[in-house]
Amino acid sequence: ALKREVEVREGFRYDLVLLARHDLLFRRPLRLAPLCGGPSGRLWTAHWCSIHAEDLSVREVILNRTPNEWDVRSKGSGVFAPSQFAPFGLHDFWFAGSSADIDRFSTWGQAVESLRAKHGLSTDSLPVHVGHFYTYLHAKALGLELSFIGISYVDFTLVRYRDCNLMVGEDVGLADYFCSHWEV
């Protein structure tokens, strides 16, 4: 809303807008300059692959061998997918695009119920109730072309860690080393 207020008041649109989580730590500069001036209708985000410690296998990984077909952990597709079971999705850490495209895309949270009604939960289209899949489905529904730059846990990571004492200006090592991981 603040971005749009400035654009209306000043009579311009930003060429490129970054929509990011508040708990994101960039480990390397995100090279946004090459993204400017591209065609509208394109949404930039990180590659879906990851090198998180759980994702280092070079073969299919099955987290749970239960015969329960509803247990998404038993799916055997998605080499290097962060969730290890889905061949598609978006890291919901950051997105970049034209101002108009980000305005449209940033409504993904309001589309959750309709996406769930359309695709059903625990399906190939929507394996679990998480932003990785809703953001992907929403971008596709809007007709946004997906483009990728950056790798999670290498170029950026989340800092949603319990008892984390990062200081401004501090050199940060691997995320798994500097704080105890805590998923909500």
# chains A, B, ... in the order shown; residues from 1 in each chain; ligands from 1
>>> residues_around(residues="stretch 119-133 of chain A", least_positions_apart="6", cutoff="6 Å", atoms="only C-alpha atoms", output="VMD selection string")
chain A and resid 89 to 92
>>> residues_around(residues="A:Pro39", least_positions_apart="6", cutoff="10 Å", atoms="only C-alpha atoms", output="ChimeraX atom specification")
/A:97-98,145
>>> residues_around(residues="A:Ser40", least_positions_apart="5", cutoff="12 Å", atoms="only C-alpha atoms", output="list in words")
Asp15, Leu16, Leu35, Ala96, Gly97, Ser98, Ser99, Ala100, Asp101, Ile102, Arg104, Gly143, Leu144, Glu145, Leu146 and Ser147 of chain A
>>> closest_residue(among="A:Trp94, A:Arg9, A:Ser114, A:Tyr136", to="A:Leu25", atoms="only C-alpha atoms")
A:Trp94
